[in-house]
>>> print(open('protein.cif').read())   # mmCIF, C-alpha atoms
data_protein
loop_
_atom_site.label_atom_id
_atom_site.label_comp_id
_atom_site.auth_asym_id
_atom_site.auth_seq_id
_atom_site.Cartn_x
_atom_site.Cartn_y
_atom_site.Cartn_z
CA MET F 1 24.92 66.56 141.96
CA PRO F 2 28.70 66.35 142.64
CA GLN F 3 30.94 66.83 139.64
CA SER F 4 34.56 65.65 139.18
CA THR F 5 37.16 67.92 137.70
CA CYS F 6 40.27 66.70 135.89
CA LEU F 7 43.22 68.83 136.86
CA PRO F 8 46.17 69.32 134.49
CA GLN F 9 48.89 66.71 134.85
CA PRO F 10 51.79 68.00 137.02
CA PRO F 11 55.10 68.28 135.15
CA PHE F 12 56.88 65.76 137.43
CA THR F 13 54.41 63.01 136.55
CA MET F 14 55.05 63.20 132.82
CA SER F 15 56.18 60.06 131.08
CA CYS F 16 59.93 59.44 130.85
CA SER F 17 59.51 59.05 127.10
CA ALA F 18 59.67 62.82 126.77
CA ALA F 19 63.19 62.82 128.22
CA LEU F 20 64.30 59.62 126.46
CA PRO F 21 66.00 61.21 123.42
CA GLY F 22 68.30 63.31 125.61
CA THR F 23 69.04 60.39 127.92
CA GLN F 24 69.82 58.16 124.95
CA VAL F 25 72.27 60.69 123.58
CA GLN F 26 74.05 60.87 126.93
CA LYS F 27 74.21 57.08 127.17
CA GLN F 28 75.64 56.76 123.67
CA TYR F 29 78.25 59.43 124.40
CA LEU F 30 79.34 57.75 127.66
CA ASP F 31 79.50 54.38 125.93
CA SER F 32 81.71 55.78 123.17
CA GLN F 33 84.06 57.27 125.76
CA ILE F 34 84.26 54.00 127.72
CA ARG F 35 85.05 52.05 124.55
CA GLN F 36 88.07 54.28 124.01
CA LEU F 37 89.43 53.29 127.42
CA SER F 38 88.29 49.68 127.71
CA ASN F 39 87.78 46.54 125.63
CA SER F 40 85.04 45.23 127.90
CA HIS F 41 82.55 45.50 125.05
CA VAL F 42 84.54 43.04 122.90
CA VAL F 43 83.14 39.50 122.97
CA HIS F 44 85.46 36.72 121.83
CA PRO F 45 84.25 33.34 120.58
CA GLY F 46 84.33 30.41 123.00
CA LEU F 47 87.44 28.27 123.31
CA GLN F 48 87.67 24.96 121.53
CA ARG F 49 89.66 22.90 124.02
CA GLN F 50 91.47 19.90 122.65
CA ARG F 51 91.70 16.76 124.75
CA ARG F 52 93.99 13.76 124.79
CA PRO F 53 93.92 10.38 126.55
CA MET F 54 94.94 10.48 130.19
CA PRO F 55 98.47 9.11 130.64
CA GLY F 56 99.19 6.14 132.83
CA PRO F 57 96.86 3.37 134.01
CA SER F 58 93.23 3.52 132.95
CA HIS F 59 90.91 5.47 135.24
CA MET F 60 87.35 4.50 136.08
CA ARG F 61 85.87 7.96 135.48
CA VAL F 62 88.45 10.09 133.67
CA LYS F 63 89.47 9.03 130.18
CA GLU F 64 90.81 12.30 128.79
CA LEU F 65 92.55 15.43 129.97
CA PRO F 66 92.40 18.90 128.37
CA VAL F 67 95.49 19.86 126.40
CA PRO F 68 97.35 22.55 128.39
CA MET F 69 96.86 26.08 127.13
CA GLN F 70 99.01 29.11 127.82
CA PRO F 71 97.10 32.12 129.22
CA ALA F 72 98.49 34.34 126.47
CA ASP F 73 96.82 32.07 123.89
CA VAL F 74 93.36 32.83 125.27
CA PRO F 75 91.75 35.56 123.12
CA GLY F 76 91.42 38.84 124.99
CA VAL F 77 93.67 37.98 127.94
CA THR F 78 96.68 39.94 126.74
CA GLU F 79 94.47 42.82 125.60
CA ALA F 80 92.98 42.97 129.11
CA GLY F 81 96.43 43.71 130.52
CA TRP F 82 97.58 40.25 131.61
CA VAL F 83 101.33 39.76 131.86
CA ALA F 84 103.18 36.57 132.71
CA ALA F 85 104.21 36.31 136.34
CA GLY F 86 107.84 36.07 137.25
CA LYS F 87 109.36 32.86 138.51
CA PRO F 88 108.28 31.75 142.01
CA SER F 89 110.37 33.11 144.85
CA TYR F 90 110.41 29.82 146.77
CA LYS F 91 112.89 26.98 146.33
CA LEU F 92 112.35 23.23 146.36
CA MET F 93 114.31 20.39 147.92
CA LEU F 94 114.37 17.34 145.67
CA HIS F 95 114.68 13.72 146.74
CA ASP F 96 118.49 13.88 146.39
CA ASN F 97 118.51 16.78 148.92
CA SER F 98 119.48 19.32 146.28
CA VAL F 99 117.78 22.72 146.60
CA VAL F 100 116.66 24.20 143.29
CA ASP F 101 114.62 27.05 141.86
CA ALA F 102 110.95 26.27 141.13
CA THR F 103 111.30 26.12 137.34
CA HIS F 104 108.81 24.11 135.30
CA ASP F 105 111.09 21.06 135.06
CA ASN F 106 112.20 21.24 138.68
CA LEU F 107 108.62 21.58 139.85
CA HIS F 108 107.65 18.50 137.84
CA THR F 109 110.49 16.51 139.39
CA TYR F 110 109.52 17.71 142.86
CA LEU F 111 105.86 16.79 142.36
CA GLU F 112 106.84 13.34 141.09
CA GLY F 113 108.69 12.80 144.35
CA LEU F 114 105.81 14.13 146.42
CA LEU F 115 103.30 11.94 144.60
CA ALA F 116 105.49 8.85 145.06
CA ALA F 117 105.74 9.63 148.77
CA LEU F 118 101.96 9.97 149.01
CA VAL F 119 101.37 6.64 147.27
CA MET F 120 103.85 4.91 149.61
CA CYS F 121 102.32 6.48 152.73
CA ASP F 122 100.42 3.93 154.82
CA ASP F 123 97.46 6.27 155.20
CA SER F 124 96.94 6.73 151.46
CA TRP F 125 95.34 3.35 150.79
CA PRO F 126 91.78 4.74 150.41
CA PHE F 127 92.99 7.26 147.81
CA ARG F 128 95.11 5.18 145.42
CA GLY F 129 92.24 4.81 142.96
CA PRO F 130 88.75 6.18 142.32
CA VAL F 131 85.91 5.29 144.68
CA ASP F 132 84.05 2.23 143.40
CA PRO F 133 80.35 3.18 143.03
CA ALA F 134 79.46 -0.45 143.77
CA GLU F 135 80.86 0.04 147.28
CA ALA F 136 79.54 3.58 147.83
CA LEU F 137 76.32 3.82 145.84
CA ASP F 138 75.64 7.52 146.39
CA TYR F 139 79.25 8.77 146.43
CA TYR F 140 79.14 10.49 143.04
CA ASP F 141 75.73 11.98 143.82
CA ILE F 142 77.27 13.72 146.83
CA ILE F 143 80.83 14.35 145.65
CA HIS F 144 80.74 16.24 142.36
CA ASP F 145 84.48 16.84 141.98
CA PRO F 146 86.12 13.52 142.90
CA VAL F 147 89.92 13.37 143.08
CA ASP F 148 92.23 10.42 143.76
CA LEU F 149 95.95 9.74 143.50
CA LEU F 150 95.55 7.90 140.21
CA LEU F 151 93.88 10.96 138.69
CA ILE F 152 96.55 13.24 140.15
CA GLY F 153 99.21 10.97 138.67
CA GLY F 154 97.64 11.20 135.22
CA ARG F 155 97.41 14.96 135.44
CA LEU F 156 101.04 15.16 136.51
CA ALA F 157 102.15 12.82 133.71
CA SER F 158 100.60 15.19 131.16
CA ARG F 159 103.39 17.65 132.14
CA GLY F 160 101.09 20.59 131.61
CA TYR F 161 98.16 20.34 134.01
CA TYR F 162 99.94 21.45 137.18
CA ALA F 163 101.33 24.87 136.34
CA SER F 164 102.12 25.58 139.99
CA LEU F 165 102.69 23.86 143.30
CA ASP F 166 99.47 25.40 144.60
CA MET F 167 97.43 23.58 141.94
CA PHE F 168 98.84 20.21 142.97
CA VAL F 169 98.32 20.88 146.68
CA ALA F 170 94.76 22.04 145.97
CA ASP F 171 93.98 18.68 144.34
CA VAL F 172 95.36 16.80 147.33
CA ARG F 173 93.34 18.95 149.72
CA LYS F 174 90.21 18.45 147.62
CA MET F 175 90.79 14.69 147.74
CA CYS F 176 91.05 14.72 151.54
CA ASP F 177 88.16 17.17 151.96
CA ASN F 178 85.91 14.97 149.80
CA CYS F 179 86.69 12.01 152.01
CA LYS F 180 85.98 13.93 155.21
CA TYR F 181 82.74 15.31 153.78
CA TYR F 182 81.39 11.92 152.75
CA ASN F 183 82.57 9.79 155.69
CA ALA F 184 81.83 10.08 159.40
CA GLN F 185 84.66 11.10 161.72
CA SER F 186 84.65 7.68 163.37
CA THR F 187 85.48 5.87 160.13
CA PRO F 188 89.02 4.83 159.15
CA TYR F 189 88.56 6.69 155.86
CA TYR F 190 88.10 10.01 157.65
CA GLN F 191 91.10 9.35 159.89
CA CYS F 192 93.27 8.49 156.87
CA ALA F 193 92.30 11.78 155.24
CA VAL F 194 93.32 13.72 158.35
CA LYS F 195 96.65 11.91 158.63
CA LEU F 196 97.44 12.19 154.92
CA GLN F 197 96.74 15.92 154.96
CA ALA F 198 99.08 16.31 157.94
CA TYR F 199 101.70 14.28 156.08
CA VAL F 200 101.48 16.61 153.07
CA ASP F 201 101.72 19.71 155.25
CA ASN F 202 104.81 18.36 157.00
CA TYR F 203 106.37 17.38 153.66
CA LEU F 204 105.85 20.88 152.29
CA ASP F 205 107.13 22.54 155.44
CA ALA F 206 110.35 20.54 155.19
CA THR F 207 111.03 20.86 151.47
CA VAL F 208 109.80 24.27 150.32
CA THR F 209 111.41 27.72 150.59
CA GLU F 210 113.28 28.63 153.78
CA ALA F 211 113.08 25.15 155.28
CA ALA F 212 114.68 23.63 152.18
CA VAL F 213 117.54 26.13 152.27
CA GLN F 214 118.08 25.61 155.99
CA GLN F 215 118.20 21.84 155.62
CA GLN F 216 120.76 22.18 152.84
CA GLN F 217 122.90 24.45 155.02
CA GLN F 218 122.73 21.97 157.89
CA GLN F 219 124.05 19.11 155.78
CA PRO F 220 127.68 18.17 156.55
CA GLN F 221 130.09 19.72 154.09
CA PRO F 222 132.72 17.53 152.42
CA GLN F 223 136.18 17.80 153.91
CA HIS F 224 138.94 19.01 151.60
CA SER F 225 142.49 17.88 152.20
#
>>> encode(input="protein.cif", output="structure tokens")
Amino acid sequence: MPQSTCLPQPPFTMSCSAALPGTQVQKQYLDSQIRQLSNSHVVHPGLQRQRRPMPGPSHMRVKELPVPMQPADVPGVTEAGWVAAGKPSYKLMLHDNSVVDATHDNLHTYLEGLLAALVMCDDSWPFRGPVDPAEALDYYDIIHDPVDLLLIGGRLASRGYYASLDMFVADVRKMCDNCKYYNAQSTPYYQCAVKLQAYVDNYLDATVTEAAVQQQQQQPQPQHS
């Protein structure tokens, strides 16, 4: 009658529990060394963002805007090595043809002019207010981050939402991209989005950085007697 024999367990098949104490010591040592070099183990409490009513005319979907917050006021940001960026290197041409540095106040003035130009543009009519869900029943089921010129105007009026030109331009692009995503290319809405985006690009090309300086240099200089 055949008999089975149980062989001794090979060393390499032993449970990892035998090596666990040594591994745990190594892990604890490495963790202590990392904590001396990094604050990645520190967990800060969540932010309590304050909100205030959106400035300007009432908006169908947006009633409040978050109160602007400086990056240095966010717990852990400074400790992580963040430092405030220097002033932008580009310059801006304002509506009076003056070329100025992109300071906070100058940027706000520039964006006010750009927004006014967008509202007056013939191709901006679909974007001057939020999409009415009664006219596009599934719009807000498809577009989860709706943007319109009325919303952009409220954000700009808060004087703290748009910390950079890029943020403003990103909202305008999102507005146009939403329109092109929801509407077919053959619709007038889609065509308006394409034309308005081209208008913004041309406006920026003519009034930001080198182009602004060149236009100022090309202006006729006053004659002195």
>>> closest_residue(input="protein.cif", among="F:Asp105, F:Ala198, F:Ala163, F:Gly56", to="F:Ala85", atoms="only C-alpha atoms")
F:Ala163
>>> closest_residue(input="protein.cif", among="F:His144, F:Lys87, F:Arg35, F:Lys195", to="F:Tyr181", atoms="only C-alpha atoms")
F:His144
>>> residues_around(input="protein.cif", residues="F:Glu210", least_positions_apart="6", cutoff="12 Å", atoms="only C-alpha atoms", output="VMD selection string")
chain F and resid 89 to 93 99 to 100 204 216 to 217
>>> atom_distance(input="protein.cif", atom1="atom CA of F:Gly46", atom2="atom CA of F:Val77")
13.0 Å
>>> resolve_selection(input="protein.cif", expression="the PyMOL selection byres ((chain F and resi 61) around 10)", output="number ranges by chain")
F: 58-60, 62-64, 130-132, 146, 151
>>> closest_residue(input="protein.cif", among="F:Val67, F:Val119, F:Ala72, F:Cys179", to="F:Tyr139", atoms="all atoms listed in the file")
F:Cys179
>>> resolve_selection(input="protein.cif", expression="the PyMOL selection byres ((chain F and resi 65) around 7)", output="VMD selection string")
chain F and resid 51 to 54 64 66 to 67
>>> residues_near_point(input="protein.cif", point="(96.4, 2.0, 156.2)", cutoff="12 Å", atoms="only C-alpha atoms", output="JSON list (two decimals) with C-alpha atoms, in the coordinates of the input")
[["chain", "number", "residue", "atom", "x", "y", "z"],
["F", 119, "VAL", "CA", 101.37, 6.64, 147.27],
["F", 120, "MET", "CA", 103.85, 4.91, 149.61],
["F", 121, "CYS", "CA", 102.32, 6.48, 152.73],
["F", 122, "ASP", "CA", 100.42, 3.93, 154.82],
["F", 123, "ASP", "CA", 97.46, 6.27, 155.20],
["F", 124, "SER", "CA", 96.94, 6.73, 151.46],
["F", 125, "TRP", "CA", 95.34, 3.35, 150.79],
["F", 126, "PRO", "CA", 91.78, 4.74, 150.41],
["F", 127, "PHE", "CA", 92.99, 7.26, 147.81],
["F", 128, "ARG", "CA", 95.11, 5.18, 145.42],
["F", 188, "PRO", "CA", 89.02, 4.83, 159.15],
["F", 189, "TYR", "CA", 88.56, 6.69, 155.86],
["F", 190, "TYR", "CA", 88.10, 10.01, 157.65],
["F", 191, "GLN", "CA", 91.10, 9.35, 159.89],
["F", 192, "CYS", "CA", 93.27, 8.49, 156.87],
["F", 193, "ALA", "CA", 92.30, 11.78, 155.24],
["F", 195, "LYS", "CA", 96.65, 11.91, 158.63],
["F", 196, "LEU", "CA", 97.44, 12.19, 154.92]]
>>> residues_near_point(input="protein.cif", point="(90.1, 43.3, 124.9)", cutoff="12 Å", atoms="all atoms listed in the file", output="ChimeraX atom specification")
/F:35-44,74-82
>>> closest_residue(input="protein.cif", among="F:Met167, F:Tyr162, F:Gln48, F:Ile142", to="F:Thr109", atoms="only C-alpha atoms")
F:Tyr162
>>> closest_residue(input="protein.cif", among="F:Val200, F:Val147, F:Leu156, F:Val83", to="F:Lys174", atoms="only C-alpha atoms")
F:Val147
>>> resolve_selection(input="protein.cif", expression="the PyMOL selection byres ((chain F and resi 108) around 10)", output="number ranges by chain")
F: 102-107, 109-114, 156-157, 159-160, 162-165
>>> atom_distance(input="protein.cif", atom1="atom CA of F:Asp177", atom2="atom CA of F:Ser158")
24.3 Å
>>> closest_residue(input="protein.cif", among="F:Pro88, F:Gly153, F:Gly22, F:Gly129", to="F:Ala116", atoms="only C-alpha atoms")
F:Gly153
>>> decode(input="protein.cif", residues="stretch 180-200 of chain F", atoms="N, CA, C and O atoms", output="mmCIF file, in the first residue's frame")
data_model
loop_
_atom_site.group_PDB
_atom_site.id
_atom_site.type_symbol
_atom_site.label_atom_id
_atom_site.label_comp_id
_atom_site.auth_asym_id
_atom_site.auth_seq_id
_atom_site.Cartn_x
_atom_site.Cartn_y
_atom_site.Cartn_z
ATOM 1 N N LYS F 180 -19.459 74.520 -28.594
ATOM 2 C CA LYS F 180 -19.114 73.656 -29.727
ATOM 3 C C LYS F 180 -19.343 72.185 -29.399
ATOM 4 O O LYS F 180 -19.623 71.382 -30.290
ATOM 5 N N TYR F 181 -19.224 71.826 -28.131
ATOM 6 C CA TYR F 181 -19.466 70.434 -27.735
ATOM 7 C C TYR F 181 -20.948 70.089 -27.796
ATOM 8 O O TYR F 181 -21.322 68.989 -28.207
ATOM 9 N N TYR F 182 -21.785 71.024 -27.403
ATOM 10 C CA TYR F 182 -23.223 70.742 -27.319
ATOM 11 C C TYR F 182 -23.918 70.889 -28.671
ATOM 12 O O TYR F 182 -24.856 70.134 -28.976
ATOM 13 N N ASN F 183 -23.476 71.826 -29.501
ATOM 14 C CA ASN F 183 -24.177 72.144 -30.745
ATOM 15 C C ASN F 183 -23.453 71.570 -31.959
ATOM 16 O O ASN F 183 -22.232 71.448 -31.975
ATOM 17 N N ALA F 184 -24.226 71.233 -32.972
ATOM 18 C CA ALA F 184 -23.664 70.725 -34.224
ATOM 19 C C ALA F 184 -22.950 71.848 -34.972
ATOM 20 O O ALA F 184 -23.266 73.028 -34.804
ATOM 21 N N GLN F 185 -21.990 71.471 -35.798
ATOM 22 C CA GLN F 185 -21.199 72.464 -36.532
ATOM 23 C C GLN F 185 -22.050 73.323 -37.458
ATOM 24 O O GLN F 185 -21.679 74.451 -37.773
ATOM 25 N N SER F 186 -23.165 72.797 -37.905
ATOM 26 C CA SER F 186 -24.010 73.529 -38.857
ATOM 27 C C SER F 186 -24.884 74.586 -38.193
ATOM 28 O O SER F 186 -25.509 75.395 -38.875
ATOM 29 N N THR F 187 -24.897 74.628 -36.858
ATOM 30 C CA THR F 187 -25.773 75.559 -36.161
ATOM 31 C C THR F 187 -25.118 76.937 -36.045
ATOM 32 O O THR F 187 -23.887 77.062 -36.017
ATOM 33 N N PRO F 188 -25.926 77.985 -35.964
ATOM 34 C CA PRO F 188 -25.346 79.328 -35.761
ATOM 35 C C PRO F 188 -24.637 79.466 -34.422
ATOM 36 O O PRO F 188 -23.711 80.275 -34.293
ATOM 37 N N TYR F 189 -25.041 78.682 -33.419
ATOM 38 C CA TYR F 189 -24.382 78.747 -32.125
ATOM 39 C C TYR F 189 -22.924 78.312 -32.237
ATOM 40 O O TYR F 189 -22.020 78.957 -31.684
ATOM 41 N N TYR F 190 -22.701 77.214 -32.929
ATOM 42 C CA TYR F 190 -21.344 76.704 -33.123
ATOM 43 C C TYR F 190 -20.501 77.728 -33.879
ATOM 44 O O TYR F 190 -19.354 78.005 -33.505
ATOM 45 N N GLN F 191 -21.057 78.307 -34.922
ATOM 46 C CA GLN F 191 -20.318 79.284 -35.720
ATOM 47 C C GLN F 191 -19.989 80.531 -34.906
ATOM 48 O O GLN F 191 -18.907 81.109 -35.046
ATOM 49 N N CYS F 192 -20.903 80.947 -34.040
ATOM 50 C CA CYS F 192 -20.623 82.096 -33.173
ATOM 51 C C CYS F 192 -19.483 81.796 -32.225
ATOM 52 O O CYS F 192 -18.642 82.660 -31.950
ATOM 53 N N ALA F 193 -19.430 80.576 -31.708
ATOM 54 C CA ALA F 193 -18.348 80.194 -30.801
ATOM 55 C C ALA F 193 -17.001 80.261 -31.510
ATOM 56 O O ALA F 193 -16.014 80.742 -30.954
ATOM 57 N N VAL F 194 -16.954 79.774 -32.740
ATOM 58 C CA VAL F 194 -15.709 79.807 -33.510
ATOM 59 C C VAL F 194 -15.268 81.245 -33.759
ATOM 60 O O VAL F 194 -14.095 81.608 -33.568
ATOM 61 N N LYS F 195 -16.207 82.091 -34.165
ATOM 62 C CA LYS F 195 -15.874 83.483 -34.476
ATOM 63 C C LYS F 195 -15.489 84.260 -33.225
ATOM 64 O O LYS F 195 -14.567 85.085 -33.256
ATOM 65 N N LEU F 196 -16.181 83.996 -32.114
ATOM 66 C CA LEU F 196 -15.855 84.719 -30.879
ATOM 67 C C LEU F 196 -14.480 84.314 -30.358
ATOM 68 O O LEU F 196 -13.722 85.159 -29.864
ATOM 69 N N GLN F 197 -14.144 83.048 -30.485
ATOM 70 C CA GLN F 197 -12.818 82.608 -30.069
ATOM 71 C C GLN F 197 -11.735 83.260 -30.918
ATOM 72 O O GLN F 197 -10.694 83.688 -30.398
ATOM 73 N N ALA F 198 -11.975 83.361 -32.225
ATOM 74 C CA ALA F 198 -11.018 84.036 -33.105
ATOM 75 C C ALA F 198 -10.901 85.514 -32.741
ATOM 76 O O ALA F 198 -9.804 86.086 -32.779
ATOM 77 N N TYR F 199 -12.024 86.120 -32.370
ATOM 78 C CA TYR F 199 -12.007 87.528 -31.966
ATOM 79 C C TYR F 199 -11.134 87.724 -30.728
ATOM 80 O O TYR F 199 -10.332 88.658 -30.653
ATOM 81 N N VAL F 200 -11.284 86.832 -29.751
ATOM 82 C CA VAL F 200 -10.483 86.922 -28.530
ATOM 83 C C VAL F 200 -9.000 86.746 -28.848
ATOM 84 O O VAL F 200 -8.151 87.491 -28.346
#
